[in-house]
Amino acid sequence: MATPLLSIGPEPLALEPLIAAVTERGDATGSDGAVTTFLGLVRNHNVGRQVHHLEYEAYEPLALRAFERIRSEIEATWPGVRLALHHRIGRIDIGVASVAIAAASPHRAHAFSACRYAIERVKQIAPIWKREFFEGGDVWIEGATADPDDAAARAEAERVACV
Amino acid sequence: MRVTVKLFARLRDIAGTPEMTREVAPGATVGSLWQQLATEFPEIASYERSISTAVNADYARRTQVLADGDEVAFLPPVSGG
């Protein structure tokens, strides 16, 4: 079965299937000059706490819609870029990937920018939460209030992605 | 009319359940349903300004009027990635 470009679920993540998926362009296969990838890993420390593991949960149907939105924002900003984005949920141990992204493009600059933009937007608008289990307790991590129409947040993601 | 409420992360912990059904009056909005829940679960009231809301798995404003059978989700600040 072909790897979906966008997915969220409990399965372990791997980059190779994403790279294959973004560079498979039917009749246009071979037109890419670059693929960039990003793996987000569970880190063993956070704000001075020794982290044991994380548990992720998501509102899955809305998360997929958020991923689709991110993909269309990228296609509008960098025409020709093809994005794949997989997020894992459930318990994830230290050193293991929670998110995997691949961006293919005829030109490397666009591939780098799109990959960075994608992870910034995931953190802004995807309905996903991590619960941190650390030495001495656990806590829900709460970051951004998700608002896909917040133009300032989108501009900040574009700024760090060097649009 | 009846709607399904979905809660996530800390909001779910506070309410003690990920999903519930609630009776709402005709003309009720996402915002009025939130007020109803904040009365029922006073601890969630502190999320008043930081939640996002969705109706039928699509982001929605608090002014959106609810229909019978809607699925309304209240989302604390997100932390994916």
# chains A, B, ... in the order shown; residues from 1 in each chain; ligands from 1
$ residues_around --residues "A:Thr37" --least-positions-apart "5" --cutoff "10 Å" --atoms "only C-alpha atoms" --output "PyMOL selection string"
chain A and resi 15-16+18-19+83-85+100-104+111-112+114-116
$ interface_residues --of "chain B" --to "chain A" --cutoff "12 Å" --atoms "only C-alpha atoms" --output "PyMOL selection string"
chain B and resi 6-14+18-19+47-61+71-81
$ select_by_dssp --residues "stretch 14-101 of chain A" --states "helix (DSSP H, G or I)" --output "ChimeraX atom specification"
/A:15-23,26-28,60-77
$ atom_distance --atom1 "atom CA of A:Pro4" --atom2 "atom CA of A:Val163"
26.7 Å
$ atom_distance --atom1 "atom CA of A:Ser105" --atom2 "atom CA of A:Ala151"
25.3 Å
$ select_by_dssp --residues "chain B" --states "strand (DSSP E or B)" --output "ChimeraX atom specification"
/B:2-7,19-23,29,52-55,59,65,71-75,78
$ write_last_selection --atoms "N, CA and C atoms" --output "compact mmCIF listing (two decimals), in the first residue's frame"
# COMPACT_ATOMS: atom_id res chain seq x y z
N ARG B 2 -29.71 18.04 21.38
CA ARG B 2 -28.54 17.42 22.03
C ARG B 2 -27.29 17.57 21.17
N VAL B 3 -26.18 17.82 21.85
CA VAL B 3 -24.90 17.88 21.15
C VAL B 3 -23.90 17.00 21.88
N THR B 4 -22.88 16.56 21.15
CA THR B 4 -21.79 15.80 21.75
C THR B 4 -20.65 16.76 22.04
N VAL B 5 -20.11 16.66 23.24
CA VAL B 5 -18.97 17.50 23.64
C VAL B 5 -17.72 16.63 23.71
N LYS B 6 -16.65 17.09 23.07
CA LYS B 6 -15.38 16.38 23.17
C LYS B 6 -14.36 17.27 23.88
N LEU B 7 -13.65 16.68 24.83
CA LEU B 7 -12.65 17.41 25.60
C LEU B 7 -11.31 16.71 25.48
N GLU B 19 -15.71 12.50 26.46
CA GLU B 19 -16.88 12.77 25.63
C GLU B 19 -18.14 12.73 26.48
N MET B 20 -19.07 13.63 26.19
CA MET B 20 -20.35 13.64 26.91
C MET B 20 -21.40 14.22 25.98
N THR B 21 -22.67 13.98 26.30
CA THR B 21 -23.72 14.65 25.55
C THR B 21 -24.39 15.64 26.48
N ARG B 22 -24.79 16.77 25.90
CA ARG B 22 -25.45 17.81 26.69
C ARG B 22 -26.66 18.34 25.95
N GLU B 23 -27.66 18.70 26.71
CA GLU B 23 -28.88 19.31 26.20
C GLU B 23 -28.60 20.82 26.09
N THR B 29 -24.90 28.73 21.27
CA THR B 29 -23.68 28.86 20.47
C THR B 29 -22.56 28.04 21.12
N SER B 52 -9.27 26.79 22.03
CA SER B 52 -9.79 26.87 20.66
C SER B 52 -11.04 26.00 20.63
N THR B 53 -11.88 26.24 19.64
CA THR B 53 -13.12 25.47 19.56
C THR B 53 -13.31 24.94 18.15
N ALA B 54 -14.00 23.79 18.07
CA ALA B 54 -14.27 23.18 16.76
C ALA B 54 -15.68 22.61 16.77
N VAL B 55 -16.31 22.64 15.62
CA VAL B 55 -17.62 22.01 15.45
C VAL B 55 -17.52 21.02 14.29
N TYR B 59 -12.34 23.83 12.79
CA TYR B 59 -12.25 24.98 13.69
C TYR B 59 -13.43 25.90 13.50
N VAL B 65 -23.61 29.15 15.85
CA VAL B 65 -24.85 28.60 16.42
C VAL B 65 -24.84 27.08 16.21
N GLU B 71 -21.05 17.88 16.92
CA GLU B 71 -19.95 17.47 17.80
C GLU B 71 -19.10 18.72 18.07
N VAL B 72 -19.06 19.13 19.31
CA VAL B 72 -18.37 20.37 19.68
C VAL B 72 -17.14 20.02 20.49
N ALA B 73 -15.97 20.49 20.06
CA ALA B 73 -14.72 20.16 20.76
C ALA B 73 -14.13 21.41 21.37
N PHE B 74 -13.63 21.27 22.61
CA PHE B 74 -12.91 22.35 23.29
C PHE B 74 -11.47 21.93 23.45
N LEU B 75 -10.58 22.77 22.93
CA LEU B 75 -9.17 22.38 22.80
C LEU B 75 -8.28 23.31 23.61
N VAL B 78 -2.29 23.96 22.23
CA VAL B 78 -1.75 22.74 21.64
C VAL B 78 -0.24 22.62 21.87
$ residues_around --residues "A:Asp138" --least-positions-apart "2" --cutoff "12 Å" --atoms "only C-alpha atoms" --output "PDB file with N, CA, C and O atoms, in the first residue's frame"
ATOM      1  N   ASN A  46      13.544  18.713  29.938  1.00  0.00           N
ATOM      2  CA  ASN A  46      12.701  19.850  29.550  1.00  0.00           C
ATOM      3  C   ASN A  46      12.592  20.787  30.741  1.00  0.00           C
ATOM      4  O   ASN A  46      12.238  20.357  31.831  1.00  0.00           O
ATOM      5  N   ARG A  49      13.634  19.535  33.972  1.00  0.00           N
ATOM      6  CA  ARG A  49      13.070  18.275  34.445  1.00  0.00           C
ATOM      7  C   ARG A  49      13.684  17.104  33.676  1.00  0.00           C
ATOM      8  O   ARG A  49      13.943  17.200  32.486  1.00  0.00           O
ATOM      9  N   GLN A  50      13.897  15.979  34.405  1.00  0.00           N
ATOM     10  CA  GLN A  50      14.387  14.751  33.787  1.00  0.00           C
ATOM     11  C   GLN A  50      13.170  14.008  33.243  1.00  0.00           C
ATOM     12  O   GLN A  50      12.330  13.540  34.009  1.00  0.00           O
ATOM     13  N   VAL A  51      13.065  13.912  31.912  1.00  0.00           N
ATOM     14  CA  VAL A  51      11.862  13.348  31.294  1.00  0.00           C
ATOM     15  C   VAL A  51      12.013  11.841  31.098  1.00  0.00           C
ATOM     16  O   VAL A  51      13.049  11.367  30.634  1.00  0.00           O
ATOM     17  N   HIS A  52      10.963  11.083  31.466  1.00  0.00           N
ATOM     18  CA  HIS A  52      10.959   9.622  31.282  1.00  0.00           C
ATOM     19  C   HIS A  52      10.390   9.236  29.916  1.00  0.00           C
ATOM     20  O   HIS A  52      10.943   8.410  29.208  1.00  0.00           O
ATOM     21  N   HIS A  53       9.256   9.805  29.591  1.00  0.00           N
ATOM     22  CA  HIS A  53       8.625   9.553  28.285  1.00  0.00           C
ATOM     23  C   HIS A  53       7.519  10.562  28.095  1.00  0.00           C
ATOM     24  O   HIS A  53       7.179  11.313  29.025  1.00  0.00           O
ATOM     25  N   LEU A  54       6.945  10.599  26.892  1.00  0.00           N
ATOM     26  CA  LEU A  54       5.807  11.474  26.611  1.00  0.00           C
ATOM     27  C   LEU A  54       4.626  10.628  26.167  1.00  0.00           C
ATOM     28  O   LEU A  54       4.802   9.538  25.613  1.00  0.00           O
ATOM     29  N   GLU A  55       3.425  11.156  26.401  1.00  0.00           N
ATOM     30  CA  GLU A  55       2.225  10.563  25.804  1.00  0.00           C
ATOM     31  C   GLU A  55       1.530  11.643  24.996  1.00  0.00           C
ATOM     32  O   GLU A  55       1.245  12.723  25.522  1.00  0.00           O
ATOM     33  N   LYS A 130       0.937  16.947  24.218  1.00  0.00           N
ATOM     34  CA  LYS A 130       1.873  16.014  24.829  1.00  0.00           C
ATOM     35  C   LYS A 130       1.780  16.117  26.347  1.00  0.00           C
ATOM     36  O   LYS A 130       1.691  17.208  26.917  1.00  0.00           O
ATOM     37  N   ARG A 131       1.771  14.940  26.976  1.00  0.00           N
ATOM     38  CA  ARG A 131       1.822  14.870  28.431  1.00  0.00           C
ATOM     39  C   ARG A 131       3.204  14.365  28.794  1.00  0.00           C
ATOM     40  O   ARG A 131       3.618  13.296  28.331  1.00  0.00           O
ATOM     41  N   GLU A 132       3.874  15.165  29.605  1.00  0.00           N
ATOM     42  CA  GLU A 132       5.256  14.844  29.952  1.00  0.00           C
ATOM     43  C   GLU A 132       5.291  14.082  31.273  1.00  0.00           C
ATOM     44  O   GLU A 132       4.760  14.560  32.280  1.00  0.00           O
ATOM     45  N   PHE A 133       5.900  12.908  31.247  1.00  0.00           N
ATOM     46  CA  PHE A 133       6.113  12.125  32.463  1.00  0.00           C
ATOM     47  C   PHE A 133       7.567  12.296  32.844  1.00  0.00           C
ATOM     48  O   PHE A 133       8.469  11.882  32.115  1.00  0.00           O
ATOM     49  N   PHE A 134       7.784  12.968  33.996  1.00  0.00           N
ATOM     50  CA  PHE A 134       9.155  13.291  34.401  1.00  0.00           C
ATOM     51  C   PHE A 134       9.418  12.748  35.797  1.00  0.00           C
ATOM     52  O   PHE A 134       8.517  12.202  36.457  1.00  0.00           O
ATOM     53  N   GLU A 135      10.673  12.900  36.238  1.00  0.00           N
ATOM     54  CA  GLU A 135      11.072  12.485  37.581  1.00  0.00           C
ATOM     55  C   GLU A 135      10.226  13.269  38.588  1.00  0.00           C
ATOM     56  O   GLU A 135      10.422  14.471  38.730  1.00  0.00           O
ATOM     57  N   GLY A 136       9.281  12.617  39.228  1.00  0.00           N
ATOM     58  CA  GLY A 136       8.507  13.308  40.260  1.00  0.00           C
ATOM     59  C   GLY A 136       7.104  13.713  39.858  1.00  0.00           C
ATOM     60  O   GLY A 136       6.407  14.345  40.647  1.00  0.00           O
ATOM     61  N   TRP A 140       0.575  18.163  31.578  1.00  0.00           N
ATOM     62  CA  TRP A 140       0.215  18.438  30.187  1.00  0.00           C
ATOM     63  C   TRP A 140       0.995  19.667  29.731  1.00  0.00           C
ATOM     64  O   TRP A 140       0.982  20.694  30.411  1.00  0.00           O
ATOM     65  N   ILE A 141       1.629  19.592  28.593  1.00  0.00           N
ATOM     66  CA  ILE A 141       2.322  20.755  28.034  1.00  0.00           C
ATOM     67  C   ILE A 141       1.297  21.555  27.229  1.00  0.00           C
ATOM     68  O   ILE A 141       0.557  20.983  26.418  1.00  0.00           O
TER      69      ILE A 141
ATOM     70  N   ARG B  10      -5.816  18.379  29.341  1.00  0.00           N
ATOM     71  CA  ARG B  10      -6.148  18.700  30.735  1.00  0.00           C
ATOM     72  C   ARG B  10      -7.645  18.924  30.921  1.00  0.00           C
ATOM     73  O   ARG B  10      -8.189  18.622  31.988  1.00  0.00           O
TER      74      ARG B  10
END
$ atom_distance --atom1 "atom CA of B:Val24" --atom2 "atom CA of B:Phe41"
16.3 Å
